[in-house]
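For reference, upload_22.cif is printed below; it contains mmCIF, C-alpha atoms.
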```cif
data_model
loop_
_atom_site.label_atom_id
_atom_site.label_comp_id
_atom_site.auth_asym_id
_atom_site.auth_seq_id
_atom_site.Cartn_x
_atom_site.Cartn_y
_atom_site.Cartn_z
CA MET A 1173 -18.59 22.80 24.76
CA THR A 1174 -21.58 24.70 23.53
CA ALA A 1175 -24.88 22.93 23.05
CA HIS A 1176 -25.18 20.99 19.83
CA ASP A 1177 -27.12 23.57 17.88
CA HIS A 1178 -25.82 22.94 14.35
CA ASP A 1179 -28.19 21.75 11.68
CA HIS A 1180 -26.60 18.32 11.29
CA ALA A 1181 -26.96 14.97 12.93
CA PRO A 1182 -24.38 14.15 15.59
CA ILE A 1183 -21.57 11.96 14.29
CA VAL A 1184 -20.63 10.39 17.61
CA ASP A 1185 -23.12 7.93 19.07
CA PRO A 1186 -24.11 9.53 22.41
CA ASP A 1187 -25.30 6.23 23.90
CA ARG A 1188 -21.84 4.93 24.71
CA PRO A 1189 -18.80 6.45 26.41
CA VAL A 1190 -16.48 8.19 23.98
CA SER A 1191 -12.70 7.83 23.96
CA GLU A 1192 -10.22 10.66 24.49
CA TYR A 1193 -9.44 10.76 20.76
CA GLU A 1194 -13.13 10.96 19.87
CA VAL A 1195 -13.51 13.92 22.23
CA LEU A 1196 -10.45 15.55 20.65
CA GLU A 1197 -11.77 14.91 17.12
CA GLN A 1198 -15.17 16.30 18.03
CA ALA A 1199 -13.69 19.42 19.63
CA VAL A 1200 -11.43 20.16 16.64
CA ARG A 1201 -14.20 19.41 14.14
CA GLU A 1202 -16.69 21.67 15.90
CA LEU A 1203 -14.15 24.47 16.15
CA LEU A 1204 -13.32 24.22 12.43
CA ILE A 1205 -17.02 24.33 11.59
CA GLU A 1206 -17.65 27.21 14.00
CA LYS A 1207 -14.81 29.22 12.45
CA GLY A 1208 -16.08 28.52 8.94
CA VAL A 1209 -12.98 26.57 7.80
CA ILE A 1210 -15.11 23.57 6.82
CA THR A 1211 -18.84 22.93 6.82
CA ALA A 1212 -20.77 20.11 8.48
CA GLN A 1213 -21.96 19.10 5.01
CA GLU A 1214 -18.36 18.66 3.89
CA VAL A 1215 -17.58 16.47 6.90
CA HIS A 1216 -20.61 14.27 6.20
CA ALA A 1217 -19.83 14.10 2.49
CA GLN A 1218 -16.29 12.89 3.30
CA ILE A 1219 -17.64 10.28 5.75
CA ASP A 1220 -20.00 9.08 3.00
CA ALA A 1221 -17.15 8.93 0.48
CA THR A 1222 -14.95 6.97 2.90
CA ASP A 1223 -17.75 4.54 3.74
CA SER A 1224 -18.46 3.97 0.05
CA ARG A 1225 -14.96 2.52 -0.37
CA ASN A 1226 -14.99 -1.10 0.72
CA PRO A 1227 -13.68 -4.46 -0.47
CA ALA A 1228 -16.70 -4.90 -2.80
CA LEU A 1229 -15.13 -2.29 -5.07
CA GLY A 1230 -11.86 -4.23 -5.15
CA ALA A 1231 -13.77 -7.46 -5.82
CA LYS A 1232 -15.46 -5.84 -8.82
CA ILE A 1233 -12.08 -4.77 -10.20
CA VAL A 1234 -10.54 -8.23 -9.70
CA ALA A 1235 -13.55 -9.94 -11.32
CA ARG A 1236 -13.25 -7.64 -14.34
CA ALA A 1237 -9.52 -8.44 -14.57
CA TRP A 1238 -10.25 -12.18 -14.44
CA ALA A 1239 -12.95 -11.90 -17.08
CA ASP A 1240 -11.21 -9.52 -19.46
CA PRO A 1241 -7.49 -10.15 -20.23
CA GLU A 1242 -7.19 -6.84 -22.04
CA PHE A 1243 -8.47 -4.96 -19.00
CA LYS A 1244 -6.11 -6.95 -16.78
CA ALA A 1245 -3.11 -6.00 -18.91
CA HIS A 1246 -4.21 -2.36 -18.78
CA LEU A 1247 -4.71 -2.55 -14.99
CA LEU A 1248 -1.26 -4.05 -14.41
CA ALA A 1249 0.38 -1.45 -16.65
CA ASP A 1250 -1.50 1.68 -15.53
CA ALA A 1251 -4.06 1.15 -12.76
CA ARG A 1252 -5.41 4.68 -12.66
CA SER A 1253 -6.13 4.81 -16.37
CA ALA A 1254 -7.69 1.31 -16.32
CA LEU A 1255 -9.99 2.19 -13.42
CA GLY A 1256 -11.11 5.25 -15.34
CA THR A 1257 -12.64 2.88 -17.92
CA MET A 1258 -14.72 1.28 -15.12
CA ASP A 1259 -16.33 4.54 -14.07
CA ILE A 1260 -14.41 4.50 -10.80
CA ASP A 1261 -13.66 7.97 -9.52
CA THR A 1262 -9.89 8.21 -9.70
CA GLY A 1263 -9.76 11.86 -8.68
CA ASN A 1264 -8.37 11.23 -5.20
CA LEU A 1265 -6.77 7.92 -6.04
CA ALA A 1266 -3.26 7.78 -4.64
CA GLU A 1267 -0.61 6.06 -6.71
CA LEU A 1268 -1.88 2.52 -7.16
CA THR A 1269 0.12 -0.44 -8.38
CA VAL A 1270 -1.70 -3.67 -9.19
CA VAL A 1271 0.20 -6.96 -9.09
CA GLU A 1272 -0.90 -10.42 -10.12
CA ASN A 1273 -0.48 -13.68 -8.23
CA THR A 1274 0.46 -16.61 -10.47
CA PRO A 1275 1.51 -20.22 -9.84
CA ASP A 1276 5.09 -18.86 -9.76
CA VAL A 1277 4.76 -15.71 -7.60
CA HIS A 1278 2.59 -14.99 -4.56
CA HIS A 1279 2.48 -11.33 -3.47
CA VAL A 1280 1.58 -10.24 0.04
CA VAL A 1281 1.25 -6.59 1.08
CA VAL A 1282 2.32 -4.89 4.31
CA CYS A 1283 3.29 -1.45 5.55
CA THR A 1284 6.05 -1.92 8.12
CA LEU A 1285 6.32 1.82 8.86
CA CYS A 1286 2.66 2.55 9.58
CA SER A 1287 -0.55 1.29 7.97
CA CYS A 1288 -0.47 2.34 4.29
CA TYR A 1289 -3.26 0.48 2.50
CA PRO A 1290 -5.18 0.95 -0.77
CA ARG A 1291 -8.05 2.62 1.09
CA MET A 1292 -9.48 4.13 -2.10
CA ILE A 1293 -10.19 0.58 -3.29
CA LEU A 1294 -10.55 -1.53 -0.13
CA GLY A 1295 -11.72 0.99 2.47
CA ILE A 1296 -10.48 0.88 6.08
CA PRO A 1297 -7.74 -1.72 6.74
CA PRO A 1298 -8.47 -4.59 9.13
CA ALA A 1299 -7.08 -4.25 12.67
CA TRP A 1300 -4.53 -7.04 12.20
CA TYR A 1301 -3.02 -5.21 9.20
CA LYS A 1302 -2.00 -2.41 11.56
CA SER A 1303 -0.75 -4.71 14.33
CA THR A 1304 2.94 -4.81 15.23
CA ALA A 1305 2.87 -8.60 15.00
CA TYR A 1306 1.75 -8.67 11.36
CA ARG A 1307 3.96 -5.77 10.29
CA SER A 1308 7.12 -7.13 11.85
CA ARG A 1309 6.62 -10.82 11.11
CA VAL A 1310 5.32 -10.91 7.53
CA VAL A 1311 8.53 -9.35 6.17
CA ALA A 1312 10.81 -11.79 8.00
CA GLU A 1313 8.80 -15.03 7.93
CA PRO A 1314 6.08 -14.56 5.30
CA ARG A 1315 5.48 -18.27 4.77
CA ALA A 1316 4.85 -18.85 8.49
CA VAL A 1317 2.44 -15.90 8.62
CA LEU A 1318 0.64 -17.05 5.45
CA HIS A 1319 0.36 -20.55 6.96
CA GLU A 1320 -1.40 -19.01 9.98
CA PHE A 1321 -3.80 -17.31 7.54
CA GLY A 1322 -4.47 -20.72 5.98
CA VAL A 1323 -2.47 -20.03 2.82
CA GLU A 1324 -0.19 -22.93 1.91
CA LEU A 1325 2.26 -22.33 -0.92
CA SER A 1326 4.51 -24.63 -2.86
CA ASP A 1327 8.22 -24.29 -2.13
CA LYS A 1328 8.63 -23.75 -5.85
CA ALA A 1329 6.58 -20.55 -5.83
CA GLU A 1330 8.34 -17.31 -4.96
CA VAL A 1331 6.84 -15.34 -2.09
CA ARG A 1332 7.19 -11.64 -2.79
CA VAL A 1333 6.44 -9.30 0.09
CA LEU A 1334 5.49 -5.75 -0.91
CA ASP A 1335 6.38 -3.24 1.80
CA SER A 1336 4.37 -0.04 1.14
CA THR A 1337 7.14 2.25 2.30
CA ALA A 1338 6.35 5.35 0.25
CA ASP A 1339 3.73 6.80 -2.11
CA MET A 1340 2.64 3.63 -3.91
CA ARG A 1341 -0.27 1.47 -2.70
CA PHE A 1342 -0.65 -2.15 -3.77
CA LEU A 1343 -3.61 -4.27 -4.80
CA VAL A 1344 -3.19 -8.00 -5.47
CA ILE A 1345 -5.11 -9.86 -8.20
CA PRO A 1346 -5.34 -13.40 -6.79
CA GLN A 1347 -5.24 -16.49 -9.00
CA ARG A 1348 -8.60 -17.18 -10.58
CA PRO A 1349 -10.13 -20.31 -9.01
CA HIS A 1350 -10.47 -23.39 -11.19
CA GLY A 1351 -13.95 -24.28 -12.35
CA THR A 1352 -15.00 -20.67 -12.98
CA GLU A 1353 -14.68 -20.71 -16.76
CA HIS A 1354 -18.40 -20.05 -17.25
CA ALA A 1355 -18.95 -17.73 -14.28
CA THR A 1356 -20.27 -14.22 -14.88
CA GLU A 1357 -18.38 -11.18 -13.60
CA THR A 1358 -20.86 -10.83 -10.74
CA GLN A 1359 -20.41 -14.47 -9.77
CA LEU A 1360 -16.64 -14.06 -9.95
CA SER A 1361 -16.72 -10.97 -7.73
CA GLU A 1362 -18.48 -13.00 -5.02
CA LEU A 1363 -15.39 -15.23 -4.80
CA VAL A 1364 -13.04 -12.33 -4.09
CA THR A 1365 -12.34 -11.72 -0.41
CA ARG A 1366 -10.63 -8.69 1.11
CA ASP A 1367 -7.73 -10.82 2.34
CA CYS A 1368 -7.00 -12.31 -1.08
CA MET A 1369 -6.51 -8.76 -2.39
CA ILE A 1370 -3.89 -8.20 0.36
CA GLY A 1371 -2.32 -11.58 -0.38
CA THR A 1372 -3.07 -13.07 3.04
CA GLY A 1373 -5.94 -15.16 1.68
CA LEU A 1374 -7.09 -17.09 -1.35
CA PRO A 1375 -10.35 -16.54 -3.23
CA ARG A 1376 -13.39 -18.62 -2.30
CA GLN A 1377 -13.91 -21.76 -4.36
CA PRO A 1378 -17.05 -21.80 -6.50
CA SER A 1379 -19.82 -23.86 -4.91
CA MET B 97 4.02 16.41 -10.88
CA SER B 98 7.46 16.88 -12.38
CA SER B 99 6.39 20.32 -13.59
CA LEU B 100 6.82 21.47 -9.97
CA ASN B 101 10.55 21.41 -10.57
CA PRO B 102 11.51 22.87 -13.93
CA GLU B 103 14.98 21.34 -13.73
CA SER B 104 13.62 17.77 -13.78
CA PRO B 105 16.92 15.90 -13.50
CA ALA B 106 17.07 12.37 -14.89
CA PRO B 107 16.95 9.46 -12.46
CA VAL B 108 20.37 8.36 -11.22
CA PHE B 109 19.49 4.65 -11.26
CA ALA B 110 17.83 2.44 -13.85
CA ALA B 111 15.94 -0.84 -13.73
CA GLY B 112 18.31 -3.78 -13.43
CA GLN B 113 20.97 -1.86 -11.52
CA SER B 114 22.44 -3.17 -8.26
CA VAL B 115 22.06 -0.73 -5.40
CA THR B 116 22.65 -0.67 -1.67
CA VAL B 117 20.46 1.20 0.80
CA ALA B 118 22.42 3.79 2.73
CA SER B 119 23.31 2.70 6.23
CA ARG B 120 22.86 5.95 8.06
CA ALA B 121 20.66 7.47 10.71
CA SER B 122 17.86 9.85 9.86
CA LEU B 123 17.47 13.21 11.59
CA GLY B 124 13.71 12.88 11.69
CA HIS B 125 10.85 11.25 9.85
CA CYS B 126 11.85 9.15 6.86
CA ARG B 127 10.36 6.31 4.81
CA THR B 128 13.39 4.01 4.75
CA PRO B 129 12.83 1.08 7.13
CA PHE B 130 15.73 0.19 9.42
CA TYR B 131 15.73 -3.46 8.33
CA LEU B 132 16.67 -2.43 4.77
CA ARG B 133 19.49 -0.03 5.61
CA GLY B 134 22.84 -1.28 4.39
CA ARG B 135 21.19 -4.09 2.38
CA PRO B 136 21.87 -4.80 -1.30
CA GLY B 137 19.01 -4.93 -3.79
CA LEU B 138 18.11 -4.61 -7.43
CA VAL B 139 16.18 -1.72 -8.96
CA VAL B 140 13.11 -3.19 -10.68
CA GLU B 141 11.35 0.04 -11.59
CA VAL B 142 11.66 3.80 -11.47
CA THR B 143 8.20 4.56 -10.08
CA GLY B 144 8.23 8.33 -10.47
CA ARG B 145 9.07 11.53 -8.64
CA PHE B 146 7.40 12.45 -5.41
CA ARG B 147 7.59 15.15 -2.78
CA ASP B 148 10.22 14.41 -0.16
CA PRO B 149 8.47 12.89 2.87
CA GLU B 150 11.35 13.96 5.12
CA LEU B 151 10.42 17.59 4.39
CA LEU B 152 6.65 17.10 4.16
CA ALA B 153 6.74 15.75 7.72
CA TYR B 154 7.77 19.22 8.89
CA HIS B 155 5.16 21.08 6.83
CA LYS B 156 7.65 22.07 4.13
CA PRO B 157 6.63 21.82 0.45
CA GLY B 158 8.79 18.71 0.00
CA LEU B 159 10.78 20.11 -2.91
CA PRO B 160 12.80 19.24 -4.85
CA GLN B 161 10.91 16.07 -5.58
CA ARG B 162 12.85 12.86 -5.25
CA TYR B 163 12.91 9.88 -7.56
CA LEU B 164 11.35 6.79 -6.04
CA TYR B 165 12.51 3.29 -7.00
CA ARG B 166 11.01 -0.14 -6.48
CA VAL B 167 13.93 -2.13 -5.11
CA ARG B 168 13.87 -5.92 -4.86
CA PHE B 169 15.74 -7.56 -1.99
CA ARG B 170 16.48 -11.25 -1.65
CA GLN B 171 15.04 -12.42 1.63
CA THR B 172 18.26 -14.34 2.32
CA ASP B 173 20.12 -10.99 2.09
CA LEU B 174 17.81 -9.48 4.72
CA TRP B 175 17.60 -12.24 7.30
CA PRO B 176 20.60 -14.51 7.92
CA ASP B 177 18.39 -17.35 9.17
CA TYR B 178 15.57 -16.91 6.65
CA GLY B 179 13.48 -20.06 6.72
CA GLY B 180 11.67 -19.84 3.37
CA SER B 181 12.75 -20.47 -0.19
CA ALA B 182 15.97 -18.91 -1.50
CA ALA B 183 13.83 -17.55 -4.35
CA ASP B 184 11.72 -15.39 -2.00
CA ASN B 185 11.99 -11.62 -2.35
CA LEU B 186 10.80 -8.41 -0.77
CA ASP B 187 10.02 -5.25 -2.73
CA ALA B 188 10.12 -1.80 -1.14
CA ASP B 189 9.94 1.72 -2.54
CA ILE B 190 13.10 3.65 -1.68
CA PHE B 191 13.89 7.29 -2.44
CA GLU B 192 16.94 8.11 -4.52
CA HIS B 193 18.91 9.85 -1.78
CA TRP B 194 18.86 6.63 0.26
CA LEU B 195 20.40 4.54 -2.53
CA GLN B 196 23.99 4.15 -3.65
CA PRO B 197 25.42 2.02 -6.43
CA THR B 198 26.62 -1.34 -5.15
CA THR B 199 30.39 -1.35 -5.21
CA GLU B 200 32.96 -3.85 -3.96
CA GLU B 201 33.05 -1.89 -0.74
CA THR B 202 29.29 -1.94 -0.14
CA ALA B 203 28.79 -5.52 -1.37
CA ARG B 204 29.26 -7.97 1.44
#
```

Can you present the structure in this file as C-alpha cells?
Amino acid sequence: MTAHDHDHAPIVDPDRPVSEYEVLEQAVRELLIEKGVITAQEVHAQIDATDSRNPALGAKIVARAWADPEFKAHLLADARSALGTMDIDTGNLAELTVVENTPDVHHVVVCTLCSCYPRMILGIPPAWYKSTAYRSRVVAEPRAVLHEFGVELSDKAEVRVLDSTADMRFLVIPQRPHGTEHATETQLSELVTRDCMIGTGLPRQPS
Amino acid sequence: MSSLNPESPAPVFAAGQSVTVASRASLGHCRTPFYLRGRPGLVVEVTGRFRDPELLAYHKPGLPQRYLYRVRFRQTDLWPDYGGSAADNLDADIFEHWLQPTTEETAR
C-alpha cells in the first residue's frame, strides 16, 4: 500500500490489529478513491449518515405514535409518508412497514435468510439478531425465545413472527406502558428500548 | 416503480386468498425460505412490485418486476410439534412466482 497521503483522517484505528475484512475494505476503498470513483468526503459523509441512525430515532417515532393517534394511524397505513411529517429524511428509506403490538397480537421481527433490519430507523442490528440461533429458533419456537428475552405473553395473545424475507422492513410499535397518560413525548421516548421495537422486549415502565 | 414495466400486469392473487408456496428447488439465490416451501398460507396483503432478487443477485436489472405478497402461515401448519398457541402465525413476504393457488392437490 502507498503511504497514507490523502487529506482525510484514517478510518481504521491503527492502534489495534485489523482483521482480514478490514484490510480488504481499506484496500478497495483506497483504490476507489485513488481512481476517482468515490471521494474520501463521500465515504465519511456515508459513515456519518449511518452513525446518525440509531434506536433513538425509532424511540422518537414510537413516542409520537403513542402520543398522537392520528399520526399512529398514518404511520401504520403509510410509514414513509408519515415519517415525512416528522422531518425524517425518507430519501433512502427502504420499504418500511410499521406494525402495532396490542393485548391480542405480539409481533416479533426476524430475517431468517440473512440480517434484514430497519437500519434507516434503528441503525446497526445487534449481534444476536444476526445469529443462527435467533434466526432459526424464533420462527419455530417464538414463545420460548421471547421467554429467554424476559417477555412473557398470555396464551390468549397471538404471537405473530414477521420474517423479513424480501424488500419490506418492519418496525414494531410496542404497547404503551400503563401510568404514562400524562407523560410528554420526550418522557415517552425514554421508555422505548431497541428490543421492544424488534418485539423481543417490552418498553421500560415509568419510574 | 411500476413505470419500469409499461405492461404492468395485475396481481394474480388477492388478499384473503389461500395459496401454497411452491415446493421446488432454486437454481441460485432466492428469497423464499426452505421452511415455507410447500406450506399453505393466506394472502394478507399485496405489498407492491419489486425487482426480482433472483436476477438482481447476478447483476441483472431484475425485470420484469414481480408482485410481492405478505402471506400468513399458521405456525401449526409449519411445525408439526409446534408448542405455542394454535392462534400463533408467521408472516413472510413471498414473490408471486413462488405462489400457487391452494387446490385439493396442494392442500394436505

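Residues selected in this file by the PyMOL selection byres ((chain A) within 7 of (chain B)) comprise Leu1285, Ala1312, Glu1313, Arg1315, Asp1327, Glu1330, Val1331, Arg1332, Val1333, Leu1334, Asp1335, Ser1336, Thr1337 and Ala1338 of chain A.
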
>> The residues within 8 Å of (17.8, -6.5, -6.5), using all atoms listed in the file and the coordinates of the file, should be reported as number ranges by chain; which are they?
In response: B: 112-115, 136-140, 167-170

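Here atom CA of Phe1243 of chain A is placed at a distance of 11.2 Å from atom CA of Gly1256 of chain A.
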
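Going from atom CA of Trp1238 of chain A over to atom CA of Arg1376 of chain A, you cover 14.1 Å.
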
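Here atom CA of Leu1255 of chain A stands at a distance of 22.9 Å from atom CA of Leu1374 of chain A.
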
> Using the chain letters and numbers from the file, which residues does the PyMOL selection byres ((chain A and resi 1277) around 7) grab, as an MDAnalysis selection string?
Replying inline: chainID A and resid 1273:1276 1278:1279 1329:1332

>> Suppose a student applies the PyMOL selection byres ((chain A and resi 1364) around 10) to this structure; what residues should they get, written as a list in words?
In response: Pro1227, Ala1228, Gly1230, Ala1231, Lys1232, Ile1233, Val1234, Ala1235, Ile1345, Pro1346, Arg1348, Pro1349, Gln1359, Leu1360, Ser1361, Glu1362, Leu1363, Thr1365, Arg1366, Asp1367, Cys1368, Met1369, Gly1373, Leu1374, Pro1375, Arg1376 and Gln1377 of chain A

Using the file's own x, y and z axes, so that the box edges lie along x, y and z, what centre and edge lengths in Å (one decimal) does a box around every listed atom of segment 157-169 of chain B get when 4 Å is added on each side? Give it as lines of an AutoDock Vina configuration file.
```
center_x = 11.2
center_y = 7.1
center_z = -3.6
size_x = 17.1
size_y = 37.4
size_z = 16.0
```

Residue neighbourhood Arg120 of chain B, 10 Å, all atoms listed in the file, exclusion window fewer than 2 positions, as a compact mmCIF listing (two decimals) with C-alpha atoms, in the frame of the given file:
```
# COMPACT_ATOMS: atom_id res chain seq x y z
CA VAL B 117 20.46 1.20 0.80
CA ALA B 118 22.42 3.79 2.73
CA SER B 122 17.86 9.85 9.86
CA LEU B 123 17.47 13.21 11.59
CA PHE B 130 15.73 0.19 9.42
CA ARG B 133 19.49 -0.03 5.61
CA GLY B 134 22.84 -1.28 4.39
CA TRP B 194 18.86 6.63 0.26
```

> Can you tell me, as a ChimeraX atom specification, what residues are no more than 9 Å from Asp1250 of chain A when counting all atoms listed in the file, ignoring any on the same chain fewer than 3 positions away?
Replying inline: /A:1245-1247,1253-1255,1268-1270

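Distance cut-off 10 Å, centre (2.2, -1.5, 14.2), atoms counted all atoms listed in the file; the residues meeting this are Cys1283, Thr1284, Leu1285, Cys1286, Ser1287, Ala1299, Trp1300, Tyr1301, Lys1302, Ser1303, Thr1304, Ala1305, Tyr1306, Arg1307 and Ser1308 of chain A.
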
Please dump the current selection as a short mmCIF file (atom, residue, chain, number, x, y, z; two decimals), in the frame of the given file; keep C-alpha atoms.
```
data_model
loop_
_atom_site.label_atom_id
_atom_site.label_comp_id
_atom_site.auth_asym_id
_atom_site.auth_seq_id
_atom_site.Cartn_x
_atom_site.Cartn_y
_atom_site.Cartn_z
CA CYS A 1283 3.29 -1.45 5.55
CA THR A 1284 6.05 -1.92 8.12
CA LEU A 1285 6.32 1.82 8.86
CA CYS A 1286 2.66 2.55 9.58
CA SER A 1287 -0.55 1.29 7.97
CA ALA A 1299 -7.08 -4.25 12.67
CA TRP A 1300 -4.53 -7.04 12.20
CA TYR A 1301 -3.02 -5.21 9.20
CA LYS A 1302 -2.00 -2.41 11.56
CA SER A 1303 -0.75 -4.71 14.33
CA THR A 1304 2.94 -4.81 15.23
CA ALA A 1305 2.87 -8.60 15.00
CA TYR A 1306 1.75 -8.67 11.36
CA ARG A 1307 3.96 -5.77 10.29
CA SER A 1308 7.12 -7.13 11.85
#
```

> Which residue gives the smallest distance to Leu1248 of chain A among A:Glu1194, A:Arg1309, A:Asp1261, A:Phe1342, with only C-alpha atoms counted?
Replying inline: A:Phe1342

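The shortest atom-to-atom distance to Ala106 of chain B, with only C-alpha atoms taken into account, belongs to B:Val142 out of B:Val142, B:Asp173, B:Leu159, B:Gln196.
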
> Counting only C-alpha atoms, which of B:Ser119, B:Gly124, B:Glu192, B:Thr198 gets nearest to Ala153 of chain B?
Replying inline: B:Gly124

Restore N, CA, C and O atoms in segment 180-198 of chain B and list the result as a compact mmCIF listing (two decimals), in the coordinates of the input.
```
# COMPACT_ATOMS: atom_id res chain seq x y z
N GLY B 180 12.44 -19.51 4.57
CA GLY B 180 11.67 -19.84 3.37
C GLY B 180 12.55 -20.23 2.21
O GLY B 180 13.70 -20.63 2.39
N SER B 181 12.00 -20.10 1.01
CA SER B 181 12.75 -20.47 -0.19
C SER B 181 13.81 -19.41 -0.51
O SER B 181 13.61 -18.22 -0.25
N ALA B 182 14.91 -19.85 -1.10
CA ALA B 182 15.97 -18.91 -1.50
C ALA B 182 15.49 -18.00 -2.63
O ALA B 182 16.11 -16.98 -2.91
N ALA B 183 14.36 -18.37 -3.25
CA ALA B 183 13.83 -17.55 -4.35
C ALA B 183 12.93 -16.42 -3.83
O ALA B 183 12.48 -15.59 -4.61
N ASP B 184 12.64 -16.40 -2.53
CA ASP B 184 11.72 -15.39 -2.00
C ASP B 184 12.35 -14.00 -2.00
O ASP B 184 13.55 -13.85 -1.76
N ASN B 185 11.52 -13.01 -2.27
CA ASN B 185 11.99 -11.62 -2.35
C ASN B 185 11.09 -10.69 -1.56
O ASN B 185 9.98 -11.05 -1.16
N LEU B 186 11.60 -9.48 -1.37
CA LEU B 186 10.80 -8.41 -0.77
C LEU B 186 11.03 -7.15 -1.59
O LEU B 186 12.17 -6.81 -1.91
N ASP B 187 9.92 -6.50 -1.98
CA ASP B 187 10.02 -5.25 -2.73
C ASP B 187 9.68 -4.09 -1.80
O ASP B 187 8.72 -4.17 -1.03
N ALA B 188 10.44 -3.02 -1.89
CA ALA B 188 10.12 -1.80 -1.14
C ALA B 188 10.42 -0.61 -2.03
O ALA B 188 11.27 -0.68 -2.93
N ASP B 189 9.71 0.49 -1.77
CA ASP B 189 9.94 1.72 -2.54
C ASP B 189 10.90 2.60 -1.76
O ASP B 189 10.62 2.98 -0.62
N ILE B 190 12.03 2.92 -2.37
CA ILE B 190 13.10 3.65 -1.68
C ILE B 190 13.43 4.92 -2.47
O ILE B 190 13.57 4.87 -3.70
N PHE B 191 13.55 6.03 -1.77
CA PHE B 191 13.89 7.29 -2.44
C PHE B 191 15.37 7.33 -2.82
O PHE B 191 16.21 6.73 -2.16
N GLU B 192 15.61 8.09 -3.91
CA GLU B 192 16.94 8.11 -4.52
C GLU B 192 18.06 8.45 -3.54
O GLU B 192 19.13 7.85 -3.57
N HIS B 193 17.81 9.41 -2.65
CA HIS B 193 18.91 9.85 -1.78
C HIS B 193 19.24 8.83 -0.68
O HIS B 193 20.15 9.06 0.11
N TRP B 194 18.50 7.71 -0.67
CA TRP B 194 18.86 6.63 0.26
C TRP B 194 19.55 5.48 -0.47
O TRP B 194 19.84 4.45 0.14
N LEU B 195 19.78 5.63 -1.76
CA LEU B 195 20.40 4.54 -2.53
C LEU B 195 21.80 4.93 -2.99
O LEU B 195 22.05 6.09 -3.31
N GLN B 196 22.68 3.94 -3.05
CA GLN B 196 23.99 4.15 -3.65
C GLN B 196 24.29 2.95 -4.54
O GLN B 196 23.76 1.87 -4.30
N PRO B 197 25.10 3.16 -5.57
CA PRO B 197 25.42 2.02 -6.43
C PRO B 197 26.16 0.97 -5.60
O PRO B 197 26.96 1.33 -4.73
N THR B 198 25.90 -0.30 -5.87
CA THR B 198 26.62 -1.34 -5.15
C THR B 198 28.05 -1.42 -5.69
O THR B 198 28.26 -1.54 -6.90
```
